[in-house]
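Chemist: Questions regarding the structure given below will be posed in turn.
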Amino acid sequence: MGILVFMRNLLLALCLFLVLGFLYYSAWKLHLLRWEDTNAMVHAFDSVGHSLGSGRREKKSSTLTMPPDRPSQHAADRTPKEAAPVPVVTLPKYDKQGFLLQLDGKLPADLATRFANFSEGSCKPGYASALMTAIFPKFSKPAPMFLDDSFRKWARIRDFLPPFGIKGQDNLIKGILMKTREYRLTPALDSLSCRRCIIVGNGGVLANKTLGAKIDAYEVVIRLNSAPVKGYEKDVGSKTTMRITYPEGAIQKLEQYEKDSLFVMAGFKWQDFKWLKYIVYNEKVSASDGFWKSVATRIPKEPHEVRILNPYFIQEAAFTFIGLPFNNGLMGRGNIPTLGSVAITMALHNCDEVAVAGFGYDMNLPNAPLHYYENIKMSAIKESWTHNIQREKDFLKKLVKAGVISDLTSGI
């Protein structure tokens with residue numbers, strides 16, 4: 001009886017020993033499998049530490065391959081296939097305004113194909129806006145040149161005071177449009193399938209360039225403020241499609257206005273809209289009513305030749321393109337773009353090709369002429385309260401470098 005009990009206990013002990021042995025062996029095997037998976041993962045990194053994917057791979061050597069920051073002594077023994085790094089895709093990088101940082105002037109492949117069949121000198125439909133979108137993906141083309149009778153529907157300008165919007169000006173604008181009754185360019189220009197525009201700046205860089213004939217070859221010639229044409233035709237041309245200005249910048253001598261051109265007002269303050277209403281209704285204008293200098297009291301243009309520039313272009317140029325201080329959407333120190341940049345912004349939305357001439361301030365030449373028609377020196381621009389010339393220059397350089405606009409006088 002005692003022997004039977006002893007044998008039973010011995011068998012139980014032996015079974016327990018076998019069970020423990022099996023569990024120990026299983027744990028060791030599992031640990032080995034995990035190590036193999038880890039070893040395979042180490043192989044799944046390239047030479048700069050980028051993961052190539054997970055999963056077990058065939059073990060080709062008993063030597064443990066170290067991660068990239070601790071290279072194995074046997075790294076030289078790897079095959080070229082193992083050592084070849086995987087190409088790293090670099091995404092385009094943009095500056096804080098949203099412009100592509102690397103601008104080389106080359107057309108993207110899709111645009112090169114799109115415009116490949118156009119002969120040199122021929123107008124390319126949609127060229128400027130396509131290039132603008134390529135370097136500034138947020139660009140949206142639809143934006144009419146001038147305000148029309150649907151101006152209240154424009155959410156982009158409805159909630160901003162002048163110069164960035166029309167808030168508080170509804171009645172004045174409505175009254176002006178009821179009199180002018182025209183909201184676009186001429187029928188002939190509107191019917192063109194492709195439209196080339198040039199903005200003629202007032203810069204001294206335009207003098208003695210003999211660009212008059214080349215400027216006149218553009219379908220749309222845009223001039224700014226009171227810059228004269230008569231007497232300067234050889235350099236600035238004789239054609240004027242529209243002249244963009246504000247009350248203080250408007251020509252005061254009636255004989256200096258060009259025939260068959262549009263008078264386009266850029267409203268920078270509420271007094272500007274009031275002034276234009278007096279002009280189109282041929283009412284008496286007070287030359288000093290809220291203006292910082294005397295203004296024209298009469299414009300030799302019929303109401304149908306008058307337009308109101310869409311203030312969205314002032315807003316977009318200031319905040320979206322140039323990056324001037326927002327200042328709660330109000331006019332302030334250094335947050336008003338020059339009329340030249342505003343005109344370029346308008347052209348990018350409404351012209352197929354865009355060129356400029358007479359743009360550029362060289363602050364390293366303080367004694368150079370600021371304008372082509374007068375003796376004011378370049379140093380005078382430093383006294384500007386409203387503009388940030390350097391930021392504007394940076395913006396325009398991007399457009400020129402990318403080929404979005406062409407600069408005939410190479411001043412930008």
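Each chain of the structure tokens is named A, B, ... in the order shown, its residues numbered from 1; ligands are numbered from 1 in display order.
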Find the residues near A:Lys179: any atom within 12 Å, counting only C-alpha atoms, skip ones fewer than 2 places away on the same chain, and give them as a VMD selection string.
Modeler: chain A and resid 148 to 149 172 to 177 181 to 183 276 to 282 302 to 307
Chemist: With C-alpha atoms retained, export the selected residues as a compact mmCIF listing (two decimals), in the first residue's frame.
Modeler:
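Done, and the output landed in result_0.txt:
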# COMPACT_ATOMS: atom_id res chain seq x y z
CA ASP A 148 -22.10 96.70 -60.93
CA ASP A 149 -25.67 96.68 -59.66
CA LEU A 172 -23.87 106.56 -52.78
CA ILE A 173 -22.80 103.64 -54.98
CA LYS A 174 -26.37 102.90 -56.01
CA GLY A 175 -26.84 106.54 -57.01
CA ILE A 176 -23.61 106.55 -59.05
CA LEU A 177 -24.46 103.31 -60.88
CA ARG A 181 -25.27 102.42 -66.24
CA GLU A 182 -22.07 100.82 -67.55
CA TYR A 183 -20.07 98.26 -65.57
CA LEU A 276 -17.75 110.81 -57.60
CA LYS A 277 -21.50 111.15 -57.14
CA TYR A 278 -21.15 114.94 -57.44
CA ILE A 279 -19.02 114.45 -60.57
CA VAL A 280 -21.41 112.16 -62.46
CA TYR A 281 -24.43 114.31 -61.56
CA ASN A 282 -22.51 117.46 -62.49
CA GLU A 302 -19.76 111.40 -69.74
CA PRO A 303 -21.37 109.24 -67.04
CA HIS A 304 -21.15 106.11 -69.25
CA GLU A 305 -17.35 106.57 -69.31
CA VAL A 306 -17.06 106.41 -65.50
CA ARG A 307 -16.44 103.24 -63.45
Chemist: I need the residues of stretch 141-269 of chain A that end up classed as strand (DSSP E) by DSSP on the backbone, written out as a list in words.
Modeler: Arg196, Cys197, Ile198, Ile199, Val200, Val220, Val221, Ile222, Arg223, Leu224, Met242, Arg243, Ile244, Thr245, Leu262, Phe263, Val264 and Met265 of chain A
Chemist: Just to be explicit: take each residue in the selection above, keep all heavy atoms, and write the result as a compact mmCIF listing (two decimals), in the first residue's frame.
Modeler:
# COMPACT_ATOMS: atom_id res chain seq x y z
N ARG A 196 -4.51 91.22 -73.76
CA ARG A 196 -3.22 91.55 -73.14
C ARG A 196 -3.30 92.94 -72.54
O ARG A 196 -3.73 93.89 -73.20
CB ARG A 196 -2.10 91.49 -74.18
CG ARG A 196 -1.91 90.13 -74.82
CD ARG A 196 -0.78 90.17 -75.84
NE ARG A 196 -0.98 91.28 -76.77
CZ ARG A 196 0.02 91.98 -77.30
NH1 ARG A 196 1.27 91.70 -77.00
NH2 ARG A 196 -0.24 92.97 -78.14
N CYS A 197 -2.89 93.05 -71.29
CA CYS A 197 -2.98 94.32 -70.57
C CYS A 197 -1.61 94.77 -70.11
O CYS A 197 -0.76 93.95 -69.73
CB CYS A 197 -3.88 94.19 -69.34
SG CYS A 197 -5.57 93.61 -69.71
N ILE A 198 -1.40 96.07 -70.11
CA ILE A 198 -0.17 96.64 -69.56
C ILE A 198 -0.55 97.76 -68.60
O ILE A 198 -1.41 98.59 -68.90
CB ILE A 198 0.79 97.14 -70.65
CG1 ILE A 198 2.09 97.64 -70.02
CG2 ILE A 198 0.14 98.21 -71.52
CD1 ILE A 198 3.22 97.86 -71.02
N ILE A 199 0.09 97.77 -67.45
CA ILE A 199 -0.09 98.83 -66.47
C ILE A 199 1.13 99.73 -66.57
O ILE A 199 2.26 99.27 -66.35
CB ILE A 199 -0.25 98.29 -65.04
CG1 ILE A 199 -1.47 97.38 -64.95
CG2 ILE A 199 -0.38 99.45 -64.05
CD1 ILE A 199 -1.18 95.91 -65.10
N VAL A 200 0.91 100.97 -66.93
CA VAL A 200 2.00 101.92 -67.09
C VAL A 200 2.17 102.69 -65.80
O VAL A 200 1.32 103.52 -65.43
CB VAL A 200 1.74 102.89 -68.27
CG1 VAL A 200 2.94 103.81 -68.46
CG2 VAL A 200 1.45 102.10 -69.54
N VAL A 220 -5.20 96.55 -73.84
CA VAL A 220 -5.66 97.36 -72.71
C VAL A 220 -4.45 98.07 -72.10
O VAL A 220 -3.52 97.41 -71.62
CB VAL A 220 -6.37 96.50 -71.65
CG1 VAL A 220 -6.79 97.36 -70.46
CG2 VAL A 220 -7.58 95.79 -72.25
N VAL A 221 -4.47 99.40 -72.12
CA VAL A 221 -3.40 100.20 -71.53
C VAL A 221 -3.97 100.94 -70.32
O VAL A 221 -4.91 101.74 -70.46
CB VAL A 221 -2.82 101.21 -72.54
CG1 VAL A 221 -1.72 102.04 -71.89
CG2 VAL A 221 -2.29 100.48 -73.77
N ILE A 222 -3.41 100.64 -69.16
CA ILE A 222 -3.92 101.20 -67.89
C ILE A 222 -2.92 102.22 -67.37
O ILE A 222 -1.73 101.90 -67.19
CB ILE A 222 -4.13 100.08 -66.86
CG1 ILE A 222 -5.10 99.02 -67.40
CG2 ILE A 222 -4.64 100.64 -65.54
CD1 ILE A 222 -5.13 97.74 -66.61
N ARG A 223 -3.39 103.42 -67.11
CA ARG A 223 -2.53 104.47 -66.55
C ARG A 223 -3.06 104.86 -65.17
O ARG A 223 -4.22 104.59 -64.84
CB ARG A 223 -2.47 105.67 -67.49
CG ARG A 223 -1.93 105.30 -68.87
CD ARG A 223 -1.66 106.53 -69.74
NE ARG A 223 -1.37 106.12 -71.11
CZ ARG A 223 -0.16 105.80 -71.55
NH1 ARG A 223 0.88 105.85 -70.72
NH2 ARG A 223 0.03 105.43 -72.81
N LEU A 224 -2.20 105.53 -64.39
CA LEU A 224 -2.49 105.78 -62.99
C LEU A 224 -2.43 107.27 -62.66
O LEU A 224 -1.51 107.98 -63.08
CB LEU A 224 -1.49 105.03 -62.10
CG LEU A 224 -1.33 103.53 -62.41
CD1 LEU A 224 -0.17 102.95 -61.61
CD2 LEU A 224 -2.61 102.77 -62.13
N MET A 242 -7.90 102.99 -69.85
CA MET A 242 -8.50 103.47 -68.60
C MET A 242 -7.45 104.16 -67.76
O MET A 242 -6.26 103.85 -67.83
CB MET A 242 -9.13 102.32 -67.82
CG MET A 242 -8.14 101.36 -67.19
SD MET A 242 -8.92 100.08 -66.19
CE MET A 242 -9.48 98.96 -67.47
N ARG A 243 -7.90 105.09 -66.95
CA ARG A 243 -7.02 105.77 -66.00
C ARG A 243 -7.63 105.59 -64.62
O ARG A 243 -8.75 106.05 -64.35
CB ARG A 243 -6.90 107.26 -66.36
CG ARG A 243 -5.89 108.00 -65.49
CD ARG A 243 -5.76 109.44 -65.94
NE ARG A 243 -5.00 109.57 -67.19
CZ ARG A 243 -3.67 109.69 -67.24
NH1 ARG A 243 -2.96 109.65 -66.13
NH2 ARG A 243 -3.07 109.82 -68.41
N ILE A 244 -6.89 104.89 -63.75
CA ILE A 244 -7.37 104.63 -62.39
C ILE A 244 -6.82 105.71 -61.47
O ILE A 244 -5.61 105.98 -61.46
CB ILE A 244 -6.92 103.24 -61.91
CG1 ILE A 244 -7.36 102.16 -62.89
CG2 ILE A 244 -7.49 102.95 -60.52
CD1 ILE A 244 -6.87 100.77 -62.54
N THR A 245 -7.69 106.28 -60.67
CA THR A 245 -7.25 107.35 -59.77
C THR A 245 -8.22 107.49 -58.60
O THR A 245 -9.21 106.76 -58.50
CB THR A 245 -7.16 108.69 -60.54
OG1 THR A 245 -6.59 109.68 -59.69
CG2 THR A 245 -8.54 109.13 -61.03
N LEU A 262 -11.62 105.36 -70.24
CA LEU A 262 -12.50 105.26 -69.08
C LEU A 262 -11.87 105.94 -67.87
O LEU A 262 -10.65 105.85 -67.66
CB LEU A 262 -12.78 103.79 -68.75
CG LEU A 262 -13.51 102.97 -69.82
CD1 LEU A 262 -13.64 101.52 -69.34
CD2 LEU A 262 -14.87 103.56 -70.14
N PHE A 263 -12.71 106.60 -67.09
CA PHE A 263 -12.28 107.20 -65.84
C PHE A 263 -12.69 106.22 -64.73
O PHE A 263 -13.89 105.97 -64.52
CB PHE A 263 -12.92 108.56 -65.61
CG PHE A 263 -12.52 109.22 -64.33
CD1 PHE A 263 -11.40 110.03 -64.27
CD2 PHE A 263 -13.26 109.02 -63.17
CE1 PHE A 263 -11.01 110.65 -63.08
CE2 PHE A 263 -12.88 109.63 -61.98
CZ PHE A 263 -11.76 110.44 -61.93
N VAL A 264 -11.72 105.65 -64.03
CA VAL A 264 -11.99 104.62 -63.02
C VAL A 264 -11.58 105.14 -61.65
O VAL A 264 -10.40 105.46 -61.43
CB VAL A 264 -11.23 103.32 -63.33
CG1 VAL A 264 -11.55 102.26 -62.28
CG2 VAL A 264 -11.58 102.83 -64.72
N MET A 265 -12.54 105.24 -60.74
CA MET A 265 -12.22 105.73 -59.40
C MET A 265 -11.95 104.59 -58.44
O MET A 265 -12.73 103.63 -58.36
CB MET A 265 -13.36 106.58 -58.83
CG MET A 265 -12.95 107.30 -57.54
SD MET A 265 -14.32 107.72 -56.44
CE MET A 265 -14.80 106.12 -55.78
Chemist: Residues at most 9 Å from A:Ala402, counting only C-alpha atoms, excluding those fewer than 3 positions away in the same chain, as a list in words?
Modeler: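 Counting only the stated atoms, we get Leu103, Asp104, Gly105, Lys106, Leu107, Leu131, Met132, Ile135, Lys397, Lys398, Leu399 and Ile405 of chain A.
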Chemist: Store the residues picked out above, limited to all heavy atoms, as a tab-separated table (two decimals), in the first residue's frame.
Modeler:
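Printed below is out-v2.tsv as written:
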chain	number	residue	atom	x	y	z
A	103	LEU	N	11.02	79.91	-57.03
A	103	LEU	CA	10.47	80.43	-58.27
A	103	LEU	C	11.60	80.51	-59.30
A	103	LEU	O	12.51	81.32	-59.16
A	103	LEU	CB	9.87	81.82	-58.04
A	103	LEU	CG	8.78	81.89	-56.95
A	103	LEU	CD1	8.40	83.34	-56.69
A	103	LEU	CD2	7.56	81.09	-57.37
A	104	ASP	N	11.54	79.67	-60.31
A	104	ASP	CA	12.63	79.63	-61.29
A	104	ASP	C	12.21	80.14	-62.67
A	104	ASP	O	13.02	80.17	-63.60
A	104	ASP	CB	13.18	78.21	-61.44
A	104	ASP	CG	12.09	77.19	-61.76
A	104	ASP	OD1	10.98	77.61	-62.11
A	104	ASP	OD2	12.38	75.98	-61.66
A	105	GLY	N	10.97	80.57	-62.81
A	105	GLY	CA	10.52	81.09	-64.09
A	105	GLY	C	10.16	80.04	-65.12
A	105	GLY	O	9.74	80.37	-66.23
A	106	LYS	N	10.31	78.77	-64.77
A	106	LYS	CA	9.97	77.69	-65.71
A	106	LYS	C	8.51	77.32	-65.58
A	106	LYS	O	7.97	77.27	-64.47
A	106	LYS	CB	10.84	76.45	-65.43
A	106	LYS	CG	12.33	76.68	-65.67
A	106	LYS	CD	13.12	75.41	-65.37
A	106	LYS	CE	14.61	75.63	-65.60
A	106	LYS	NZ	15.39	74.41	-65.28
A	107	LEU	N	7.89	77.05	-66.70
A	107	LEU	CA	6.49	76.63	-66.69
A	107	LEU	C	6.36	75.23	-66.11
A	107	LEU	O	7.14	74.34	-66.45
A	107	LEU	CB	5.91	76.64	-68.09
A	107	LEU	CG	5.57	77.99	-68.72
A	107	LEU	CD1	5.09	77.76	-70.15
A	107	LEU	CD2	4.51	78.70	-67.93
A	131	LEU	N	-0.48	80.80	-64.39
A	131	LEU	CA	0.81	80.90	-63.71
A	131	LEU	C	0.65	81.38	-62.28
A	131	LEU	O	1.35	80.91	-61.37
A	131	LEU	CB	1.72	81.87	-64.47
A	131	LEU	CG	2.50	81.29	-65.65
A	131	LEU	CD1	3.30	82.37	-66.33
A	131	LEU	CD2	3.42	80.17	-65.20
A	132	MET	N	-0.27	82.31	-62.06
A	132	MET	CA	-0.51	82.81	-60.71
A	132	MET	C	-0.99	81.68	-59.81
A	132	MET	O	-0.55	81.55	-58.66
A	132	MET	CB	-1.54	83.94	-60.75
A	132	MET	CG	-1.79	84.60	-59.41
A	132	MET	SD	-0.31	85.44	-58.78
A	132	MET	CE	-0.94	86.13	-57.25
A	135	ILE	N	1.88	79.34	-58.65
A	135	ILE	CA	2.77	79.80	-57.56
A	135	ILE	C	1.99	80.24	-56.33
A	135	ILE	O	2.57	80.42	-55.25
A	135	ILE	CB	3.66	80.96	-58.03
A	135	ILE	CG1	2.84	82.23	-58.28
A	135	ILE	CG2	4.45	80.57	-59.25
A	135	ILE	CD1	3.67	83.49	-58.41
A	397	LYS	N	8.36	91.25	-57.17
A	397	LYS	CA	9.50	90.42	-57.60
A	397	LYS	C	9.07	88.97	-57.79
A	397	LYS	O	9.54	88.29	-58.71
A	397	LYS	CB	10.62	90.51	-56.57
A	397	LYS	CG	11.52	91.72	-56.73
A	397	LYS	CD	12.67	91.66	-55.74
A	397	LYS	CE	13.65	92.80	-55.97
A	397	LYS	NZ	14.78	92.76	-55.01
A	398	LYS	N	8.20	88.49	-56.93
A	398	LYS	CA	7.72	87.11	-57.07
A	398	LYS	C	7.00	86.94	-58.42
A	398	LYS	O	7.20	85.94	-59.12
A	398	LYS	CB	6.76	86.77	-55.92
A	398	LYS	CG	7.39	86.75	-54.55
A	398	LYS	CD	6.32	86.61	-53.48
A	398	LYS	CE	6.90	86.77	-52.08
A	398	LYS	NZ	5.85	86.76	-51.03
A	399	LEU	N	6.16	87.91	-58.75
A	399	LEU	CA	5.41	87.81	-60.00
A	399	LEU	C	6.33	87.84	-61.21
A	399	LEU	O	6.13	87.08	-62.17
A	399	LEU	CB	4.40	88.95	-60.08
A	399	LEU	CG	3.34	89.04	-58.98
A	399	LEU	CD1	2.34	90.15	-59.29
A	399	LEU	CD2	2.62	87.72	-58.78
A	405	ILE	N	3.98	88.16	-64.58
A	405	ILE	CA	3.93	89.43	-65.29
A	405	ILE	C	5.29	89.67	-65.94
A	405	ILE	O	6.31	89.14	-65.47
A	405	ILE	CB	3.56	90.62	-64.38
A	405	ILE	CG1	4.66	90.84	-63.32
A	405	ILE	CG2	2.22	90.39	-63.70
A	405	ILE	CD1	4.44	92.08	-62.46
Chemist: Which residue is closest to A:Phe164? Choose from A:Val342, A:Cys351, A:Ala380, A:Leu408 and count only C-alpha atoms.
Modeler: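 Of A:Val342, A:Cys351, A:Ala380, A:Leu408, the one nearest A:Phe164, counting only C-alpha atoms, is A:Val342.
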Chemist: As JSON, numbers by chain, which residues of stretch 241-304 of chain A does DSSP assign to alpha helix (DSSP H)?
Modeler: {"A": [270, 271, 272, 273, 274, 275, 276, 277, 278, 279, 280]}
Chemist: Which one of A:Asn202, A:Ser193, A:Thr241, A:Ser150 sits closest to A:Asp216 if you count only C-alpha atoms?
Modeler: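 Going through A:Asn202, A:Ser193, A:Thr241, A:Ser150 one by one, the smallest distance to A:Asp216 is for A:Thr241.
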Chemist: Leaving out A:Trp385 and any residue of its chain fewer than 6 positions from it, which residues lie within 9 Å of it when counting only C-alpha atoms, given as an MDAnalysis selection string?
Modeler: chainID A and resid 332:334
